[in-house]
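All remarks here apply to the structure that follows.
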Amino acid sequence: MFVRRFKLLLAALTTLVLTSGGLIDGHAQSRVSIGVTETIETHNPYGDSVSLLYGIWSEVTGPFCTFNYDKGDFEGRLAERWKVENPTTWVFYLNKNYKFNDGSPVTADDVVHSMMHRVINDPQSRQKASVAGPIVKAEAVDKFTVRFITKNPAAPLLSFVCDRLIVTSKAAFDKHGRDAADRQHMMGGGPYSLKELVPGQRLVLAKRPDHPQAKKNPKAPDEIVFRVMREVEQRVTALINDEIQIAQFIPPHMRVRVEKIPDLRIAPVNSIEIMFLAMQPKPPFDKKEVRQAVCHAINRDQIISTILEGFASRLDGPIGAGQYGYDANLKPKMEYNVERSKRLLAQAGYPQGVDVELQTPVGRYTLDKQLTEAMTAMLNNAGFRARLLTPEWPTLWANVQKGTIPFYYMGRGSVQDPSAALHQYFRSGETPRIGYSNKKVDELLEKEQQEFDPKKRRQFLSQAMSILTEEAPACFLWRHKLLWGLSNKVDYKPLPDGRIYGVDITMRR
Amino acid sequence: MQSLTLESAIEKKAGLLDRLLPRLHVKAFTGGLIVAIFIAVGILGPALAPHNPNHQELTAMLKAPQGLGSVHLLGTDNLGRDMLSRVIYGARVSLLVAFAVVFISGFIGISLGAISGYLGGKVDFVIQKLVEVVWAFPPLLLGITIMAFLGQGLFNLILALVAQRWIPYCRVVRGQTLSLREREFVVAAQCLGASRTQIITRHIIPNLIQTSLVIGTFAMASSIIAEASLSFLGVGVPPEIPTWGTMLADARIYISTAWWLPLFPGLCIFITVLGINLLGDALRDILDPRLKRTASGI
Amino acid sequence: MTSYLVHRLAGTVPVLLLISLLVFLLIHAAPGDPTLLLLGEETNAAEVAKAKELWGLDRPLHIQYFKFLTSASVGEFGKSFKYGEPVANVIKSRLPATIELALFSIIIATVLAIPLGVWSGSKPNSWMDNFGTTFGLFGISMPSFWLAIMLILLLAGVLNILPTSGRSTYGIAGPEMSGFYLFDSIWQKNWRGAWDALTHIFMPALALGVNMLGILMRVTRSAILEVMNEEYVVTARAKGLAEKRVLWRHVTSNALIPVITVVGLELGTLLSGSIIVETVFAWPGSGSLLITALNARDYPLVTGLVMTYTVAFVIINLVIDGLYAVIDPRIRY
């Protein structure tokens, strides 16, 4: 009897141990864990304005529409198709098969509610400028048709709402109130539903197999766990230990560790974040020659080949290949030329050199401190007397916004369509970040925003970008090639904007 | 540092000076040697460093140390800069900061402590309340907040470190002043009509020097670590000044790929602090008989 | 003694008030605007103004402080700008991680230091003593963040026996109960989870506790040395009691006082040291929360955290003083 009891105990213990590890389960669920650098803080889908979270919440609720990087154009999802009724009115037609978790269809009312009440008018929303953008009103035309009205004609409107507009349930909001609706009754029309959210640690999504998008890729994982792993060492080690199967953003020098493991691979992706040196038109940067001297002083190719180990693509102008409006023949090209720099400085009245202070954040962009240290040395070689400052991000950002930092290294993300970024940094009076003002550029930027003919719009953009490159209120440096670590258990092509869509992931085994 | 008076008080009672003497020499010698080397390197830095610590060589990044006789004895860092030269220059900063912080905070702390202890009453009350409030702050936090407020810079860093470090001096000195106050030579000076300032500066403070010296030695060690901590968190000096803490911070993403990056700066901090502590220990043993048993207020 | 404690407690109130004022001023004085930091890259002036109004940042400073005081006095620290939740909840969710870490550091430090100190002190000037003292010296001289990095390099990198960071491996731990992972796992009889929690906490706790280890060892040794010569010990020896019994019964219990003092005094350092250690190990505690809050200029959260730390500090000091009275009957307040 004792032996029997012992066997029972052993069996119980074993079962306990095994089930607590999730090894014995009803049906083998496929799960993919992803180590991400952004932190997931709040249950409010409108409470953050970060690429990763736009992607996650879009997956739970749509997405509304999406940008297909392979095709280079926008595609319908929740909003199946659209048309421009008149320059200030866009009409979107919803897919009738997108349903909330409780089976009710996603309707135009939900879209209107989301846009007006959650994005625009909710004080806790961080998304008004990025998602609503030029939109001032949303109204339902019929059950599955919705209209967006803009103040001025806005040709790039899709880049504001696609992969960004999060459509939540009006009914849930009305019934439970905002916080309870977000926390306990989070519902969306997307292919994945929210299973768990632990702020600062993880977010878990569960597949909805009956969703039209999920049906298109039946091998997509049943469960996706986004784990906040801000430290590089942590991510890489977790990938190597198979704790995660996808690791975001691995610095170039650590890829060797990953490549050594036969079950892992590195996938480089061209990001759409443009990195640049911004210069305010105040002395000494009030002179164009000085600004151009800065651009000619930086040996971008050497930095890319050494520090970035080849994982960046040089920018000759505000945008590069794959971004809307890219012109490979854009002139002028600010080539690396130390002699030219020195000559320009002399021309501008600084034959003995000039003192400048470059400021950079630390740890915000890939190898930011290292890159700017190298650039400072290059500036010093070209006749400048440059110093580097590394203020805390909050201080730096506040001062950049106020317009009190004359010279800084910065990145601008999500530049799928350059319009928003160009307006933000280079249009007179938009923001004090650089404070540059050029009538011709203003004219061109205004025209492009209202031009719905793609060919004409590209022309305006090209012209504006050409002037900007020559005038050099900023030196456009590079776009990083971001390295993702992938386990061979999954098939996945990372997107340039850092969003991760579960339906794009395929389990190999 | 908290254990300072506790330990010494206990040991004194045990009458162990005799038993300690043989060890004293070893301690004093080793500690003194390390500190002497540290100071020498700090002062002679530019002459000793084989390369310019800020000279970048992008084609020679992350080279491991190749052993004696190589161009870069301790390898190069993530921008191709010579590690040995950077470590030597880092000593300069640590030295400067340590001495500056100790002297400034010592000056403030001793003065306030003596004044507080001697004058008593309202002055004492106000100063002690100030001590309580500032001391209750988690130390690193105060430093970080002050640096956020002041911005990067060597002087600002020193200020941020002094902000809390004057307190141990103040406390101990106050305690000793309280007892010294009643001693005959002070009473005599008072009878002879000496002013309060004269009494404080001529009679009280000279008697506090020994204690302050011991406190100062240990304070130096903790200042070096504190500076490194703040630099490590990114709120220290601008990048053109190499410090051990900043080097450690830069090395964090290279832990698994370039072990020499975090090893050497950290080792320097460790050995320097060790040497100072050894010296402090020895000093305290020597001055032990004169230390009174004060309240464990450090 | 109760009256003494009450008296002490009353005395801390003005101090806490002053501290809250100091924190408030410092954090508001630091350059950086929480609205700009939290509203994202693409925001504009109108949004910023609205957020400022919502968070009460557009009112004059003394009004903001007054509002803060009145709500703080009823335990309401306001809502965190970044998380949108009451500050108390945010802190509560992260505090157990730090407490667990601190407790473990103390355990590691005492378990290693006290026997070493006793050993050392009972045989002064022997090779054991020399080893012990050197060890203690190493302990107090070690920069904790360097030790942290070296431990990661060696144990996680080269030897690969411990995880580099974090608190647990996803999927192993059971549902969270108290927030103390080790305790929860043991309570739920989740042995895999307990082991997992243990492997994750070991390195951070060691790095955090190394300074305390050194000090404790030295203090214990000194205390032993002193007590060894006390009359009652000599008496016990003369009575012919076994050395071991003498040691453990008389010597050690009397040496507890300075040990407790040190632990109490070092707790403040421990709390602030956890800020760095938590950063290096990506430990989701209140230390790393503080860094996050500072970087976001989340005024309510920073203030709440600092007040939490200081209150904890004050209470610990009080408890230590109380413990004295319990251990040493000679001490009377």
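Scheme for the structure tokens: letters A, B, ... for chains in order shown; per-chain residue numbers from 1; ligand numbers from 1 in order shown.
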Cut-off 9 Å: closest chain A/chain B atom pairs per residue, using only C-alpha atoms, as a tab-separated table:
residue	atom	partner	partner_atom	distance
A:Glu231	CA	B:Ile253	CA	8.4
A:Val232	CA	B:Ile253	CA	6.6
A:Glu233	CA	B:Ile253	CA	6.7
A:Pro251	CA	B:Ile253	CA	8.6
A:His253	CA	B:Thr257	CA	7.7
A:Met254	CA	B:Thr257	CA	7.2
A:Arg257	CA	B:Thr257	CA	8.3
A:Gln302	CA	B:Leu58	CA	8.0
A:Ile303	CA	B:Leu58	CA	7.7
A:Thr306	CA	B:Leu58	CA	6.2
A:Ile307	CA	B:Leu58	CA	7.2
A:Val362	CA	B:Gly234	CA	8.0
A:Lys369	CA	B:Pro239	CA	8.6
A:Gln370	CA	B:Leu79	CA	7.1
A:Leu371	CA	B:Leu79	CA	8.9
A:Glu373	CA	B:Pro239	CA	7.8
A:Ala374	CA	B:Leu79	CA	7.2
A:Ala377	CA	B:Gln56	CA	7.4
A:Arg387	CA	B:Glu240	CA	7.3
A:Leu388	CA	B:Pro239	CA	6.6
A:Leu389	CA	B:Pro238	CA	5.4
A:Thr390	CA	B:Pro238	CA	6.2
A:Pro391	CA	B:Gln152	CA	6.6
A:Glu392	CA	B:Val235	CA	7.2
A:Thr395	CA	B:Ala148	CA	7.7
Quick one: write out the picked residues with C-alpha atoms as an mmCIF file, in the first residue's frame?
data_model
loop_
_atom_site.group_PDB
_atom_site.id
_atom_site.type_symbol
_atom_site.label_atom_id
_atom_site.label_comp_id
_atom_site.auth_asym_id
_atom_site.auth_seq_id
_atom_site.Cartn_x
_atom_site.Cartn_y
_atom_site.Cartn_z
ATOM 1 C CA GLU A 231 18.349 45.447 -22.633
ATOM 2 C CA VAL A 232 20.216 44.108 -25.631
ATOM 3 C CA GLU A 233 22.033 41.412 -23.712
ATOM 4 C CA PRO A 251 23.144 45.818 -32.754
ATOM 5 C CA HIS A 253 28.339 43.717 -33.355
ATOM 6 C CA MET A 254 26.150 41.157 -31.626
ATOM 7 C CA ARG A 257 26.580 35.530 -31.466
ATOM 8 C CA GLN A 302 33.196 55.070 -43.442
ATOM 9 C CA ILE A 303 30.861 55.268 -40.464
ATOM 10 C CA THR A 306 32.955 50.485 -39.663
ATOM 11 C CA ILE A 307 30.688 51.294 -36.719
ATOM 12 C CA VAL A 362 22.047 58.375 -25.553
ATOM 13 C CA LYS A 369 26.492 58.175 -28.765
ATOM 14 C CA GLN A 370 29.132 56.244 -30.651
ATOM 15 C CA LEU A 371 28.069 57.632 -34.025
ATOM 16 C CA GLU A 373 31.395 60.815 -31.159
ATOM 17 C CA ALA A 374 32.776 59.696 -34.481
ATOM 18 C CA ALA A 377 35.936 63.849 -34.540
ATOM 19 C CA ARG A 387 32.241 69.320 -28.758
ATOM 20 C CA LEU A 388 29.680 66.678 -28.029
ATOM 21 C CA LEU A 389 27.068 66.923 -25.305
ATOM 22 C CA THR A 390 24.920 64.037 -24.142
ATOM 23 C CA PRO A 391 22.051 65.502 -22.157
ATOM 24 C CA GLU A 392 19.313 63.371 -20.704
ATOM 25 C CA THR A 395 15.980 67.705 -21.222
#
* Per DSSP on the backbone, what are the strand (DSSP E) residues of range 171-294 of chain A, as number ranges by chain? -> A: 192-198, 202-207, 223-228, 246-247, 264-270, 274-279
* Taking the chain letters and numbering used in this document, name the residues of range 56-202 of chain C that DSSP puts in alpha helix (DSSP H), as a PyMOL selection string. => chain C and resi 61-73+87-122+127-141+144-151+181-187+191-202
Using only C-alpha atoms, find each residue of chain C with at least one atom at most 7 Å away from an atom of chain A; report its shortest atom-to-atom pair and that distance in Å (one decimal), sort the rows by chain and rising residue number, and return the result as a tab-separated table.
residue	atom	partner	partner_atom	distance
C:Pro31	CA	A:Thr395	CA	5.3
C:Gly32	CA	A:Thr395	CA	4.5
C:Asp33	CA	A:Ala398	CA	5.8
C:Leu36	CA	A:Ala398	CA	6.5
C:Leu37	CA	A:Pro394	CA	6.5
C:Leu39	CA	A:Arg126	CA	5.1
C:Gly40	CA	A:Ser49	CA	5.6
C:Glu42	CA	A:Ser130	CA	5.8
C:Thr43	CA	A:Ala129	CA	5.2
C:Asn44	CA	A:Ala129	CA	6.8
C:Ala51	CA	A:Pro123	CA	6.8
C:Tyr83	CA	A:Thr42	CA	6.0
C:Thr164	CA	A:Gln234	CA	6.0
C:Ser165	CA	A:Gln234	CA	5.9
C:Gly171	CA	A:Gly21	CA	6.7
C:Ile172	CA	A:Gly21	CA	5.5
C:Asn190	CA	A:Ser20	CA	6.8
C:Arg192	CA	A:Val17	CA	6.8
C:Ala282	CA	A:Glu231	CA	6.9
C:Asn295	CA	A:Pro394	CA	5.8
C:Ala296	CA	A:Pro394	CA	6.6
Export of the given selection (C-alpha atoms) as a compact mmCIF listing (two decimals), in the first residue's frame:
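Result went into selection_2.txt, see below:
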# COMPACT_ATOMS: atom_id res chain seq x y z
CA PRO C 31 14.40 70.97 -17.31
CA GLY C 32 12.09 68.80 -19.34
CA ASP C 33 8.39 68.88 -19.89
CA LEU C 36 6.23 66.86 -24.49
CA LEU C 37 7.75 63.60 -23.40
CA LEU C 39 2.63 63.01 -26.17
CA GLY C 40 4.85 61.53 -28.83
CA GLU C 42 4.23 64.31 -33.81
CA THR C 43 2.29 66.40 -31.34
CA ASN C 44 1.55 70.09 -31.59
CA ALA C 51 -2.48 67.98 -21.53
CA TYR C 83 0.62 55.20 -16.74
CA THR C 164 21.29 37.44 -17.77
CA SER C 165 18.38 39.45 -16.56
CA GLY C 171 5.29 30.52 -18.76
CA ILE C 172 6.92 28.94 -15.76
CA ASN C 190 5.49 25.19 -8.28
CA ARG C 192 10.13 24.69 -11.32
CA ALA C 282 16.35 44.75 -16.10
CA ASN C 295 13.00 60.17 -17.64
CA ALA C 296 9.36 60.89 -18.26
What are the closest atom pairs, with distances in Å to one decimal, for all residues of chain C lying within 8 Å of chain B? Consider only C-alpha atoms, order rows by chain and residue number, and present the result as a Markdown table.
| residue | atom | partner | partner_atom | distance |
| --- | --- | --- | --- | --- |
| C:Val15 | CA | B:Val133 | CA | 5.7 |
| C:Leu16 | CA | B:Val133 | CA | 7.5 |
| C:Leu18 | CA | B:Val133 | CA | 6.6 |
| C:Ile19 | CA | B:Val133 | CA | 5.7 |
| C:Leu26 | CA | B:Thr145 | CA | 6.8 |
| C:Ile27 | CA | B:Thr145 | CA | 6.8 |
| C:Ala29 | CA | B:Phe149 | CA | 6.3 |
| C:Ala30 | CA | B:Phe149 | CA | 4.0 |
| C:Pro31 | CA | B:Phe149 | CA | 6.1 |
| C:Asn125 | CA | B:Arg19 | CA | 7.8 |
| C:Leu137 | CA | B:Leu274 | CA | 7.0 |
| C:Phe138 | CA | B:Leu274 | CA | 6.7 |
| C:Ser141 | CA | B:Leu274 | CA | 5.1 |
| C:Met142 | CA | B:Phe270 | CA | 5.5 |
| C:Pro143 | CA | B:Ile225 | CA | 6.2 |
| C:Phe145 | CA | B:Ser229 | CA | 7.7 |
| C:Trp146 | CA | B:Gly266 | CA | 5.6 |
| C:Ile149 | CA | B:Ile255 | CA | 7.4 |
| C:Met150 | CA | B:Leu263 | CA | 7.5 |
| C:Leu153 | CA | B:Ile255 | CA | 6.1 |
| C:Gly157 | CA | B:Ser256 | CA | 6.2 |
| C:Ile215 | CA | B:Ser3 | CA | 6.7 |
| C:Arg218 | CA | B:Glu7 | CA | 7.7 |
| C:Val219 | CA | B:Glu7 | CA | 5.9 |
| C:Ser222 | CA | B:Glu7 | CA | 5.7 |
| C:Ala223 | CA | B:Ile10 | CA | 6.4 |
| C:Leu225 | CA | B:Ala14 | CA | 6.8 |
| C:Glu226 | CA | B:Ala14 | CA | 4.9 |
| C:Val227 | CA | B:Ala14 | CA | 7.9 |
| C:Asn229 | CA | B:Ala14 | CA | 6.7 |
| C:Pro258 | CA | B:Leu6 | CA | 7.4 |
| C:Val262 | CA | B:Ser3 | CA | 7.0 |
| C:Leu265 | CA | B:Gln2 | CA | 7.1 |
| C:Glu266 | CA | B:Gln2 | CA | 7.9 |
| C:Gly268 | CA | B:Pro138 | CA | 6.3 |
| C:Thr269 | CA | B:Pro138 | CA | 7.1 |
| C:Leu271 | CA | B:Pro138 | CA | 7.0 |
| C:Ser272 | CA | B:Pro138 | CA | 5.2 |
| C:Gly273 | CA | B:Leu140 | CA | 7.5 |
| C:Ile276 | CA | B:Leu233 | CA | 7.6 |
| C:Val306 | CA | B:Phe137 | CA | 7.5 |
| C:Tyr309 | CA | B:Pro138 | CA | 7.2 |
| C:Thr310 | CA | B:Ala136 | CA | 5.7 |
| C:Phe313 | CA | B:Ala136 | CA | 7.1 |
| C:Val314 | CA | B:Ala136 | CA | 7.8 |
* To do: Determine, counting only C-alpha atoms, which protein, DNA and RNA residues have an atom within 10 Å of an atom of Gln128 in chain B; residues of the same chain fewer than 3 positions away are not included. Present the result as a ChimeraX atom specification.
  => /B:112-113,116-117,122-125,131-134,167,170-171,174
* Asked: Could you pull the residues within 12 Å of Val90 in chain C, counting only C-alpha atoms, minus those fewer than 5 positions along the same chain, as number ranges by chain?
  -> A: 41-42, 198-200; C: 77-85, 95-96, 284-286, 289-290, 293, 300-302, 304-305
Just the selected residues (N, CA and C atoms), exported as a tab-separated table (two decimals), in the first residue's frame, please.
chain	number	residue	atom	x	y	z
A	41	GLU	N	2.83	49.99	-21.71
A	41	GLU	CA	2.53	50.54	-20.39
A	41	GLU	C	1.08	50.56	-20.00
A	42	THR	N	0.19	50.71	-20.98
A	42	THR	CA	-1.18	50.99	-20.58
A	42	THR	C	-2.20	50.14	-21.33
A	198	VAL	N	0.27	42.81	-19.09
A	198	VAL	CA	0.89	43.17	-17.82
A	198	VAL	C	1.80	44.36	-18.10
A	199	PRO	N	1.39	45.57	-17.68
A	199	PRO	CA	2.16	46.76	-18.05
A	199	PRO	C	3.62	46.64	-17.66
A	200	GLY	N	4.48	47.01	-18.59
A	200	GLY	CA	5.91	46.98	-18.34
A	200	GLY	C	6.51	45.61	-18.58
C	77	PHE	N	-1.85	60.13	-3.91
C	77	PHE	CA	-0.72	60.77	-4.54
C	77	PHE	C	-0.97	61.18	-5.97
C	78	GLY	N	-2.18	61.11	-6.38
C	78	GLY	CA	-2.48	61.55	-7.74
C	78	GLY	C	-2.26	60.44	-8.73
C	79	LYS	N	-2.45	60.79	-10.00
C	79	LYS	CA	-2.32	59.81	-11.06
C	79	LYS	C	-1.00	60.01	-11.78
C	80	SER	N	-0.38	58.91	-12.08
C	80	SER	CA	0.86	58.98	-12.83
C	80	SER	C	0.58	59.52	-14.24
C	81	PHE	N	1.40	60.45	-14.71
C	81	PHE	CA	1.21	60.98	-16.06
C	81	PHE	C	1.38	59.86	-17.08
C	82	LYS	N	2.42	59.06	-16.86
C	82	LYS	CA	2.80	58.08	-17.87
C	82	LYS	C	1.83	56.92	-17.93
C	83	TYR	N	1.44	56.41	-16.75
C	83	TYR	CA	0.62	55.20	-16.74
C	83	TYR	C	-0.87	55.49	-16.64
C	84	GLY	N	-1.19	56.73	-16.28
C	84	GLY	CA	-2.61	57.07	-16.18
C	84	GLY	C	-3.31	56.43	-15.01
C	85	GLU	N	-2.54	55.75	-14.16
C	85	GLU	CA	-3.17	55.07	-13.02
C	85	GLU	C	-2.75	55.76	-11.73
C	95	LEU	N	6.83	47.50	-6.20
C	95	LEU	CA	7.59	47.47	-4.95
C	95	LEU	C	7.99	46.06	-4.51
C	96	PRO	N	7.11	45.06	-4.59
C	96	PRO	CA	7.50	43.73	-4.13
C	96	PRO	C	8.78	43.21	-4.77
C	284	PRO	N	12.33	44.38	-12.78
C	284	PRO	CA	11.17	45.29	-12.79
C	284	PRO	C	10.74	45.76	-11.40
C	285	GLY	N	11.62	46.46	-10.71
C	285	GLY	CA	11.29	46.90	-9.37
C	285	GLY	C	11.06	48.41	-9.32
C	286	SER	N	11.00	48.94	-8.09
C	286	SER	CA	10.73	50.37	-7.95
C	286	SER	C	11.95	51.21	-8.31
C	289	LEU	N	11.76	51.69	-11.88
C	289	LEU	CA	10.57	52.52	-12.08
C	289	LEU	C	10.92	53.98	-11.86
C	290	LEU	N	11.77	54.22	-10.85
C	290	LEU	CA	12.18	55.59	-10.56
C	290	LEU	C	12.90	56.20	-11.74
C	293	ALA	N	10.40	56.95	-14.35
C	293	ALA	CA	9.58	58.11	-13.98
C	293	ALA	C	10.35	59.40	-14.15
C	300	PRO	N	4.08	63.23	-10.36
C	300	PRO	CA	3.41	62.52	-9.26
C	300	PRO	C	4.10	61.22	-8.90
C	301	LEU	N	4.55	60.49	-9.93
C	301	LEU	CA	5.17	59.20	-9.67
C	301	LEU	C	6.50	59.37	-8.96
C	302	VAL	N	7.30	60.32	-9.41
C	302	VAL	CA	8.60	60.53	-8.77
C	302	VAL	C	8.40	60.92	-7.31
C	304	GLY	N	5.85	60.38	-5.42
C	304	GLY	CA	5.33	59.23	-4.67
C	304	GLY	C	6.43	58.25	-4.31
C	305	LEU	N	7.30	57.97	-5.27
C	305	LEU	CA	8.38	57.02	-5.02
C	305	LEU	C	9.35	57.53	-3.97
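Considering the residues B:Gln164, B:Ser223, B:Gln198, B:Thr243 and counting only C-alpha atoms, Phe264 in chain B has its shortest atom-to-atom contact with B:Thr243.
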